[in-house]
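Q: Dropping in data-v7.csv, with CSV, C-alpha atoms.
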```csv
chain,number,residue,atom,x,y,z
A,30,MET,CA,-4.4,35.2,-55.5
A,31,LYS,CA,-0.7,35.0,-56.3
A,32,ARG,CA,0.2,35.9,-52.7
A,33,PHE,CA,-2.1,33.1,-51.4
A,34,GLY,CA,-0.5,30.6,-53.8
A,35,LEU,CA,3.0,31.8,-52.7
A,36,PHE,CA,1.9,31.3,-49.1
A,37,ILE,CA,0.7,27.8,-49.7
A,38,LEU,CA,4.0,27.0,-51.5
A,39,LYS,CA,6.1,28.3,-48.6
A,40,PHE,CA,3.9,26.4,-46.2
A,41,ILE,CA,4.4,23.2,-48.1
A,42,ILE,CA,8.2,23.8,-48.2
A,43,VAL,CA,8.4,24.5,-44.5
A,44,LEU,CA,6.2,21.5,-43.7
A,45,GLY,CA,8.4,19.3,-45.8
A,46,LEU,CA,11.6,20.6,-44.2
A,47,ALA,CA,10.1,20.1,-40.7
A,48,TYR,CA,9.0,16.6,-41.7
A,49,GLY,CA,12.4,15.8,-43.1
A,50,ALA,CA,14.2,17.2,-40.0
A,51,TYR,CA,11.9,15.1,-37.7
A,52,TYR,CA,12.9,11.9,-39.5
A,53,ALA,CA,16.5,12.9,-39.8
A,54,LEU,CA,16.6,13.4,-36.0
A,55,PHE,CA,15.1,10.0,-35.4
A,56,TRP,CA,17.6,8.4,-37.8
A,57,PHE,CA,20.5,10.2,-36.1
A,58,LEU,CA,19.3,9.2,-32.6
A,59,TRP,CA,18.4,5.6,-33.2
A,60,GLN,CA,19.7,4.3,-36.6
A,61,SER,CA,23.1,6.0,-37.2
A,62,GLU,CA,26.3,4.7,-35.8
A,63,ILE,CA,27.6,8.2,-34.9
A,64,CYS,CA,25.0,9.0,-32.2
A,65,PRO,CA,26.2,8.1,-28.7
A,66,ASP,CA,24.4,5.2,-26.9
A,67,ALA,CA,22.1,6.5,-24.2
A,68,TYR,CA,21.4,3.2,-22.4
A,69,ASP,CA,24.8,1.7,-22.0
A,70,HIS,CA,24.3,1.1,-18.3
A,71,ALA,CA,20.6,0.3,-18.3
A,72,TYR,CA,19.9,-3.1,-16.9
A,73,GLN,CA,17.6,-3.9,-19.8
A,74,LYS,CA,20.7,-4.0,-22.0
A,75,ALA,CA,21.5,-7.3,-20.4
A,76,LEU,CA,19.0,-8.7,-22.9
A,77,LEU,CA,21.5,-7.9,-25.7
A,78,LEU,CA,24.3,-9.7,-23.9
A,79,GLN,CA,22.0,-12.8,-23.5
A,80,TYR,CA,21.0,-12.5,-27.2
A,81,GLN,CA,24.7,-12.3,-28.3
A,82,ALA,CA,25.7,-15.3,-26.1
A,83,LEU,CA,22.9,-17.5,-27.6
A,84,ALA,CA,23.8,-16.4,-31.1
A,85,GLU,CA,27.5,-17.1,-30.7
A,86,GLU,CA,28.7,-19.2,-33.6
A,87,GLY,CA,29.8,-22.7,-32.7
A,88,ARG,CA,28.4,-22.7,-29.1
A,89,ASP,CA,27.8,-26.1,-27.6
A,90,PRO,CA,24.3,-27.2,-26.7
A,91,GLU,CA,23.3,-25.9,-23.3
A,92,VAL,CA,20.4,-25.5,-20.9
A,93,ILE,CA,18.5,-22.2,-21.5
A,94,VAL,CA,16.1,-21.0,-18.9
A,95,PHE,CA,13.8,-18.2,-20.0
A,96,GLY,CA,10.9,-16.1,-18.6
A,97,SER,CA,10.2,-12.9,-16.8
A,98,SER,CA,12.2,-11.2,-14.0
A,99,TYR,CA,11.9,-14.2,-11.7
A,100,VAL,CA,14.4,-16.0,-14.0
A,101,PRO,CA,17.5,-13.8,-13.4
A,102,PHE,CA,16.4,-13.3,-9.8
A,103,GLY,CA,15.8,-17.0,-9.4
A,104,ILE,CA,18.5,-18.8,-11.3
A,105,ASP,CA,22.1,-19.3,-10.1
A,106,ALA,CA,23.8,-20.6,-13.2
A,107,SER,CA,26.9,-21.7,-11.4
A,108,VAL,CA,24.8,-24.0,-9.1
A,109,MET,CA,22.9,-25.5,-12.1
A,110,GLU,CA,26.1,-26.0,-14.1
A,111,LYS,CA,27.6,-27.9,-11.2
A,112,GLU,CA,24.6,-30.1,-10.7
A,113,LEU,CA,24.0,-30.7,-14.5
A,114,ASP,CA,27.5,-30.6,-15.8
A,115,ARG,CA,26.3,-28.5,-18.6
A,116,SER,CA,26.5,-24.8,-19.5
A,117,VAL,CA,23.5,-22.8,-18.5
A,118,GLN,CA,22.2,-19.6,-20.2
A,119,ILE,CA,19.6,-17.3,-18.8
A,120,LEU,CA,17.2,-15.4,-21.1
A,121,GLY,CA,15.0,-12.9,-19.4
A,122,ILE,CA,15.2,-9.5,-17.7
A,123,GLU,CA,11.7,-8.2,-16.8
A,124,ALA,CA,8.1,-8.6,-17.6
A,125,GLY,CA,8.1,-5.6,-19.9
A,126,ILE,CA,10.3,-7.5,-22.3
A,127,GLY,CA,7.4,-9.8,-23.1
A,128,ILE,CA,7.6,-13.5,-23.6
A,129,PRO,CA,7.1,-13.2,-27.5
A,130,VAL,CA,10.4,-11.4,-27.8
A,131,LEU,CA,12.2,-14.1,-25.9
A,132,VAL,CA,10.6,-16.8,-28.0
A,133,ASP,CA,11.6,-14.9,-31.2
A,134,ILE,CA,15.2,-14.9,-30.0
A,135,LEU,CA,15.0,-18.6,-29.3
A,136,TYR,CA,13.6,-19.3,-32.8
A,137,GLU,CA,16.7,-17.5,-34.2
A,138,THR,CA,19.4,-18.9,-31.9
A,139,ALA,CA,18.3,-22.3,-30.4
A,140,LYS,CA,20.1,-25.3,-31.8
A,141,PRO,CA,19.7,-29.1,-31.7
A,142,GLY,CA,20.7,-30.5,-28.4
A,143,ASP,CA,19.6,-27.5,-26.4
A,144,THR,CA,17.4,-28.0,-23.4
A,145,ILE,CA,15.0,-25.0,-23.0
A,146,VAL,CA,13.1,-24.4,-19.8
A,147,TYR,CA,10.3,-21.9,-19.6
A,148,MET,CA,9.7,-20.8,-16.0
A,149,LEU,CA,5.9,-20.4,-15.8
A,150,GLY,CA,4.9,-17.6,-13.4
A,151,LYS,CA,1.9,-15.3,-13.1
A,152,SER,CA,3.5,-12.7,-15.3
A,153,ASN,CA,3.5,-14.9,-18.5
A,154,TRP,CA,2.7,-11.6,-20.2
A,155,TYR,CA,2.1,-11.6,-24.0
A,156,ASN,CA,2.4,-7.8,-24.1
A,157,GLU,CA,5.8,-6.1,-24.5
A,158,ASP,CA,7.2,-2.6,-24.1
A,159,PHE,CA,8.5,-1.6,-27.5
A,160,MET,CA,10.6,1.3,-26.0
A,161,VAL,CA,12.3,-0.9,-23.4
A,162,ILE,CA,13.3,-3.5,-26.0
A,163,SER,CA,14.5,-0.9,-28.4
A,164,ALA,CA,16.7,0.6,-25.6
A,165,ALA,CA,18.0,-2.9,-24.8
A,166,LEU,CA,19.1,-3.5,-28.4
A,167,GLU,CA,20.2,0.1,-29.0
A,168,SER,CA,23.9,-0.5,-29.6
A,169,ASP,CA,23.4,-3.4,-32.0
A,170,LYS,CA,21.7,-1.8,-35.1
A,171,GLU,CA,21.3,-5.1,-37.0
A,172,ARG,CA,19.4,-6.7,-34.2
A,173,LEU,CA,17.5,-3.5,-33.5
A,174,MET,CA,16.3,-3.3,-37.1
A,175,HIS,CA,15.5,-7.0,-37.1
A,176,TYR,CA,13.3,-6.5,-34.0
A,177,TRP,CA,11.5,-3.5,-35.6
A,178,SER,CA,10.9,-5.6,-38.8
A,179,LEU,CA,9.2,-8.2,-36.7
A,180,ARG,CA,6.9,-5.5,-35.2
A,181,GLU,CA,5.9,-3.9,-38.5
A,182,GLY,CA,3.8,-0.7,-37.9
A,183,THR,CA,4.6,-0.4,-34.2
A,184,LEU,CA,7.5,2.0,-34.7
A,185,ASP,CA,5.3,4.7,-36.1
A,186,ALA,CA,3.3,4.7,-32.9
A,187,TYR,CA,6.4,5.0,-30.7
A,188,ARG,CA,8.6,7.3,-32.8
A,189,ASN,CA,7.8,10.5,-30.8
A,190,LYS,CA,8.3,8.8,-27.5
A,191,MET,CA,11.6,7.3,-28.6
A,192,ILE,CA,12.9,10.6,-29.7
A,193,TRP,CA,12.1,12.4,-26.5
A,194,ARG,CA,13.2,9.5,-24.3
A,195,LYS,CA,16.6,9.2,-25.9
A,196,LEU,CA,17.1,13.0,-25.8
A,197,TYR,CA,16.3,12.9,-22.1
A,198,ALA,CA,18.6,10.0,-21.5
A,199,LEU,CA,21.5,11.6,-23.4
A,200,PHE,CA,21.3,15.0,-21.7
A,201,ALA,CA,19.8,14.3,-18.3
A,202,GLY,CA,20.5,10.6,-17.6
A,203,ASP,CA,24.0,11.0,-16.2
A,204,LEU,CA,22.9,13.8,-13.9
A,205,VAL,CA,19.9,11.8,-12.6
A,206,GLU,CA,22.2,8.7,-12.0
A,207,MET,CA,24.7,10.9,-10.2
A,208,ILE,CA,22.0,12.2,-7.8
A,209,ARG,CA,20.6,8.7,-7.3
A,210,SER,CA,24.0,7.2,-6.4
A,211,GLY,CA,24.7,10.1,-4.1
A,212,ILE,CA,21.5,9.4,-2.2
A,213,SER,CA,22.1,5.6,-2.0
A,214,LYS,CA,25.6,4.0,-1.8
A,215,ASN,CA,24.1,0.5,-1.8
A,216,GLU,CA,24.8,-1.8,-4.7
A,217,GLN,CA,22.1,-1.3,-7.3
A,218,VAL,CA,20.5,-4.5,-8.5
A,219,TYR,CA,18.8,-2.8,-11.5
A,220,SER,CA,22.0,-2.0,-13.4
A,221,LEU,CA,23.8,-3.6,-16.3
A,222,ASP,CA,26.7,-4.3,-13.9
A,223,SER,CA,24.4,-6.7,-12.1
A,224,PHE,CA,24.5,-9.2,-15.0
A,225,ASP,CA,27.2,-11.2,-16.7
A,226,GLU,CA,27.1,-12.2,-20.4
A,227,ARG,CA,25.2,-15.5,-19.5
A,228,GLY,CA,22.4,-13.6,-17.9
A,229,ASN,CA,23.4,-14.5,-14.4
A,230,MET,CA,22.6,-11.9,-11.8
A,231,THR,CA,25.9,-11.4,-10.1
A,232,ALA,CA,24.7,-8.6,-7.8
A,233,LEU,CA,24.6,-9.9,-4.2
A,234,ARG,CA,21.1,-9.9,-2.9
A,235,GLU,CA,21.1,-10.3,0.8
A,236,GLY,CA,18.2,-10.6,3.2
A,237,ASN,CA,14.5,-10.1,2.7
A,238,LEU,CA,13.1,-6.6,1.8
A,239,ILE,CA,9.4,-7.6,1.7
A,240,GLY,CA,8.9,-8.7,5.3
A,241,THR,CA,8.7,-12.2,6.7
A,242,GLU,CA,5.0,-12.3,7.7
A,243,VAL,CA,3.1,-14.7,5.5
A,244,SER,CA,-0.6,-15.2,5.1
A,245,PRO,CA,-2.7,-17.0,2.5
A,246,THR,CA,-3.6,-14.0,0.3
A,247,ASP,CA,-2.2,-14.9,-3.1
A,248,THR,CA,-3.7,-17.1,-5.8
A,249,LEU,CA,-2.6,-19.6,-8.4
A,250,CYS,CA,-5.3,-20.6,-10.8
A,251,PHE,CA,-5.5,-21.5,-14.5
A,252,GLU,CA,-7.9,-18.6,-15.2
A,253,ASP,CA,-5.2,-16.1,-14.5
A,254,MET,CA,-2.9,-17.5,-17.2
A,255,GLU,CA,-2.6,-15.6,-20.5
A,256,LEU,CA,-3.7,-18.2,-23.0
A,257,GLU,CA,-2.2,-16.2,-25.9
A,258,THR,CA,1.2,-16.7,-24.4
A,259,MET,CA,0.5,-20.4,-23.7
A,260,ASP,CA,-0.7,-20.9,-27.3
A,261,MET,CA,2.5,-19.4,-28.6
A,262,LEU,CA,4.5,-21.6,-26.3
A,263,ASN,CA,2.6,-24.6,-27.6
A,264,GLU,CA,3.6,-23.7,-31.2
A,265,PHE,CA,7.2,-23.3,-30.0
A,266,ALA,CA,7.1,-26.7,-28.3
A,267,LEU,CA,6.2,-28.3,-31.6
A,268,TRP,CA,9.0,-26.5,-33.4
A,269,CYS,CA,11.5,-27.6,-30.7
A,270,GLU,CA,10.4,-31.2,-31.2
A,271,GLU,CA,11.1,-30.9,-35.0
A,272,GLN,CA,14.5,-29.4,-34.3
A,273,ASN,CA,15.6,-32.0,-31.8
A,274,ILE,CA,15.5,-29.5,-28.9
A,275,THR,CA,14.1,-30.4,-25.5
A,276,PHE,CA,11.5,-28.0,-24.3
A,277,VAL,CA,10.0,-28.3,-20.8
A,278,ILE,CA,8.2,-26.1,-18.3
A,279,ALA,CA,9.0,-25.5,-14.7
A,280,TYR,CA,6.8,-23.6,-12.1
A,281,SER,CA,8.3,-20.5,-10.8
A,282,MET,CA,9.0,-19.9,-7.1
A,283,THR,CA,6.2,-19.3,-4.6
A,284,ILE,CA,6.3,-18.2,-1.0
A,285,ASP,CA,5.4,-21.2,1.2
A,286,GLY,CA,2.1,-20.5,2.9
A,287,SER,CA,1.1,-17.5,0.7
A,288,LEU,CA,-1.5,-19.3,-1.5
A,289,VAL,CA,-5.2,-19.5,-0.7
A,290,GLU,CA,-5.6,-22.7,-2.8
A,291,THR,CA,-6.0,-26.0,-1.1
A,292,GLU,CA,-4.0,-29.1,-2.1
A,293,GLU,CA,-6.9,-30.3,-4.2
A,294,GLU,CA,-7.2,-26.9,-6.0
A,295,LEU,CA,-3.5,-26.9,-6.7
A,296,ALA,CA,-3.7,-30.4,-8.1
A,297,GLN,CA,-6.6,-29.2,-10.4
A,298,TYR,CA,-4.4,-26.3,-11.5
A,299,HIS,CA,-1.6,-28.6,-12.3
A,300,GLN,CA,-3.8,-30.9,-14.2
A,301,GLN,CA,-5.3,-28.0,-16.3
A,302,MET,CA,-1.8,-26.9,-17.1
A,303,THR,CA,-0.7,-30.4,-18.1
A,304,ASP,CA,-3.7,-30.9,-20.3
A,305,TYR,CA,-3.3,-27.5,-22.0
A,306,MET,CA,0.4,-27.5,-22.7
A,307,ASN,CA,2.2,-29.5,-25.4
A,308,ALA,CA,5.4,-29.4,-23.3
A,309,ASP,CA,6.1,-31.6,-20.3
A,310,ILE,CA,5.9,-29.9,-16.9
A,311,LEU,CA,8.6,-30.6,-14.3
A,312,GLY,CA,7.0,-31.5,-11.0
A,313,ILE,CA,4.1,-29.8,-9.3
A,314,PRO,CA,3.7,-26.3,-8.0
A,315,GLN,CA,4.5,-27.4,-4.4
A,316,ASP,CA,7.9,-28.6,-5.4
A,317,TYR,CA,8.9,-25.0,-5.9
A,318,PHE,CA,7.5,-23.6,-2.6
A,319,LEU,CA,10.3,-21.8,-0.7
A,320,PRO,CA,10.4,-20.1,2.7
A,321,VAL,CA,9.8,-16.3,2.7
A,322,GLU,CA,13.4,-15.8,4.0
A,323,TYR,CA,14.6,-16.8,0.5
A,324,PHE,CA,12.8,-13.9,-1.2
A,325,TYR,CA,14.2,-10.5,-1.8
A,326,ASN,CA,12.3,-7.4,-3.1
A,327,HIS,CA,9.2,-9.1,-4.6
A,328,SER,CA,7.2,-12.2,-4.1
A,329,ALA,CA,8.7,-13.7,-7.2
A,330,HIS,CA,12.3,-12.4,-6.8
A,331,LEU,CA,14.7,-14.5,-4.8
A,332,ASN,CA,17.7,-13.3,-2.9
A,333,SER,CA,21.1,-14.9,-3.7
A,334,GLU,CA,20.5,-17.7,-1.2
A,335,GLY,CA,17.1,-18.4,-2.5
A,336,ALA,CA,18.3,-18.5,-6.1
A,337,ALA,CA,20.8,-21.2,-5.2
A,338,ALA,CA,18.0,-23.2,-3.5
A,339,TYR,CA,15.6,-22.9,-6.4
A,340,SER,CA,18.4,-23.8,-8.9
A,341,GLU,CA,19.1,-27.0,-7.0
A,342,ILE,CA,15.4,-27.9,-7.2
A,343,LEU,CA,15.2,-27.2,-10.9
A,344,SER,CA,18.4,-29.1,-11.5
A,345,GLU,CA,17.1,-32.1,-9.7
A,346,LYS,CA,13.9,-32.0,-11.8
A,347,LEU,CA,15.9,-31.8,-15.0
A,348,LEU,CA,18.0,-34.8,-14.0
A,349,GLU,CA,14.9,-36.8,-13.1
A,350,TYR,CA,13.3,-35.9,-16.5
A,351,ALA,CA,16.4,-36.9,-18.4
A,352,LYS,CA,16.4,-40.5,-16.9
```
Write the structure described by the file as structure tokens, please.

A:
Amino acid sequence: MKRFGLFILKFIIVLGLAYGAYYALFWFLWQSEICPDAYDHAYQKALLLQYQALAEEGRDPEVIVFGSSYVPFGIDASVMEKELDRSVQILGIEAGIGIPVLVDILYETAKPGDTIVYMLGKSNWYNEDFMVISAALESDKERLMHYWSLREGTLDAYRNKMIWRKLYALFAGDLVEMIRSGISKNEQVYSLDSFDERGNMTALREGNLIGTEVSPTDTLCFEDMELETMDMLNEFALWCEEQNITFVIAYSMTIDGSLVETEEELAQYHQQMTDYMNADILGIPQDYFLPVEYFYNHSAHLNSEGAAAYSEILSEKLLEYAK
């Protein structure tokens, strides 16, 4: 009986040590200042640069365009700044970041006098990738902990994944990147080096990688919109009004000739959007139709020439709205 009791005691001690070692390893990898960053060159880290730019103390009011990946691919900040004579900040990296995270950042950093534009696309996703966002904020522990505090309970579900993913990135990431760069010498769009601190995608995106044949196979209908996201944006719109912040919505880019909807159906879609949203919508979907030659590697990603064209359209809409 004594042996069994001793066994149980040893088992509890070993279990406690293993449990402590597990949490100590997680602390070292993600919360300590001494562990090396593993995602220094990941393109998702551009989110942190955008976050820091918006949170800069004493910044002047500016135009902030936010949304999914079609924002950095679709906005040329220099074009908009020239047209609007105002600073332009981009907030958005990819759909996996999730719109709620971007809205949380804006609640924290937006200031009176800002003009905030949400680019409404099909990927107005409410869901977010906890691991991706943690990697993006990795080097700024204060903002990382703040994000975790806003997602109470989520960390427990991701802890194992976050340990193994960071160990992999630390010990194999450089090797994988070296092999990739050896295979392709082309400039990589999905890299932190592709963004500046204002969220502008500086990587040159030339030509069309998706093909130039266009047929009406895509759809644009109200039923495909995530109402959870739109409800959250409606709450944000009311907050902006209270804070003397202008909040408007612009349709994202669409390949001209790619939609199955008729003009009447598009008008119905626009009316449904207008009726549902608290924020004003700049123009109609057709205003943002662009030729396929302006698109890059996705039907919602513009090449550099296309980004300049879309930015001119959006700037014109903002100027009309301000009159």

Q: Figure out the distance between CA of Met302 (chain A) and CA of Glu91 (chain A), please, to one decimal in Å.

A: 25.9 Å

Q: With distances taken over all atoms listed in the file, which of A:Asp247, A:Glu257, A:Asp222, A:Asp309 is nearest to Glu290 (chain A)?

A: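 Answer, going by the shortest atom-to-atom distance: A:Asp247.
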
Q: Find the spatial neighbours of Val132 (chain A), counting all atoms listed in the file, within a cut-off of 9 Å - ignore same-chain residues fewer than 4 positions away - and output them as a PDB file with C-alpha atoms, in the frame of the given file.

A:
```
ATOM      1  CA  PHE A  95      13.800 -18.200 -20.000  1.00  0.00           C
ATOM      2  CA  ILE A 128       7.600 -13.500 -23.600  1.00  0.00           C
ATOM      3  CA  TYR A 136      13.600 -19.300 -32.800  1.00  0.00           C
ATOM      4  CA  GLU A 137      16.700 -17.500 -34.200  1.00  0.00           C
ATOM      5  CA  MET A 261       2.500 -19.400 -28.600  1.00  0.00           C
ATOM      6  CA  LEU A 262       4.500 -21.600 -26.300  1.00  0.00           C
ATOM      7  CA  PHE A 265       7.200 -23.300 -30.000  1.00  0.00           C
TER       8      PHE A 265
END
```

Q: Please identify all polymer residues within 10 Å of Leu249 (chain A), counting only C-alpha atoms, omitting same-chain residues fewer than 5 positions from it, and present them as a ChimeraX atom specification.

A: /A:150-151,254,283,288-290,294-295,298-299,314

Q: Using only C-alpha atoms, which residue out of A:Gln60, A:Ser168, A:Gln81, A:Asn307 lies closest to Gln118 (chain A)?

A: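 Between A:Gln60, A:Ser168, A:Gln81, A:Asn307, the residue approaching Gln118 (chain A) most closely is A:Gln81.
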
Q: Give me, as a VMD selection string, all polymer residues having an atom no more than 9 Å from Trp59 (chain A), counting only C-alpha atoms and skipping those fewer than 6 positions away in the same chain.

A: chain A and resid 66 163 167 to 168 170 191 to 192 195

Q: Which residue is closest to Glu62 (chain A)? Choose from A:Asp158, A:Glu85, A:Glu171, A:Glu112 and count all atoms listed in the file.

A: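 Nearest candidate to Glu62 (chain A) out of A:Asp158, A:Glu85, A:Glu171, A:Glu112: A:Glu171.
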
Q: Counting only C-alpha atoms, select every polymer residue within 8 Å of (18.9, -0.9, -18.6) as defined in the file's coordinates, and provide the selection as JSON, numbers by chain.

A: {"A": [68, 69, 70, 71, 72, 73, 74, 75, 164, 165, 219, 220, 221]}

Q: Just the residues within 9 Å of Asn332 (chain A), please, counting all atoms listed in the file, with nothing from its chain fewer than 6 positions along; format it as a PyMOL selection string.

A: chain A and resi 102-103+233-237+322-326

Q: Need the shell around Ser98 (chain A): protein/DNA/RNA residues with any atom at most 7 Å away, counting all atoms listed in the file. Skip same-chain ones fewer than 2 positions apart. Format as a PDB file with C-alpha atoms, keeping the file's coordinate frame?

A:
```pdb
ATOM      1  CA  GLY A  96      10.900 -16.100 -18.600  1.00  0.00           C
ATOM      2  CA  VAL A 100      14.400 -16.000 -14.000  1.00  0.00           C
ATOM      3  CA  PRO A 101      17.500 -13.800 -13.400  1.00  0.00           C
ATOM      4  CA  PHE A 102      16.400 -13.300  -9.800  1.00  0.00           C
ATOM      5  CA  GLY A 121      15.000 -12.900 -19.400  1.00  0.00           C
ATOM      6  CA  ILE A 122      15.200  -9.500 -17.700  1.00  0.00           C
ATOM      7  CA  GLU A 123      11.700  -8.200 -16.800  1.00  0.00           C
ATOM      8  CA  ALA A 124       8.100  -8.600 -17.600  1.00  0.00           C
TER       9      ALA A 124
END
```

Q: Calculated over all atoms listed in the file, which of the candidates A:Pro65, A:Leu343, A:Tyr51, A:Asn156 has the smallest distance to Phe200 (chain A)?

A: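 Answer, going by the shortest atom-to-atom distance: A:Pro65.
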
Q: Between A:Ala139, A:Cys250, A:Ala186, A:Ile162, which is the closest to Gly87 (chain A) once you count only C-alpha atoms?

A: A:Ala139

Q: To one decimal place, how far is CA of Tyr305 (chain A) from CA of Met148 (chain A) in Å?

A: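 Interatomic distance, CA of Tyr305 (chain A) to CA of Met148 (chain A): 15.8 Å.
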
Q: Go ahead and compute the interatomic distance for CA of Ala67 (chain A) and CA of Arg172 (chain A), in Å to one decimal.

A: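 About the pair CA of Ala67 (chain A) and CA of Arg172 (chain A): they are 16.8 Å apart.
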
Q: Using all atoms listed in the file, which residue out of A:His327, A:Thr258, A:Ile104, A:Glu341 lies closest to Leu238 (chain A)?

A: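 Smallest separation from Leu238 (chain A) among the options: A:His327.
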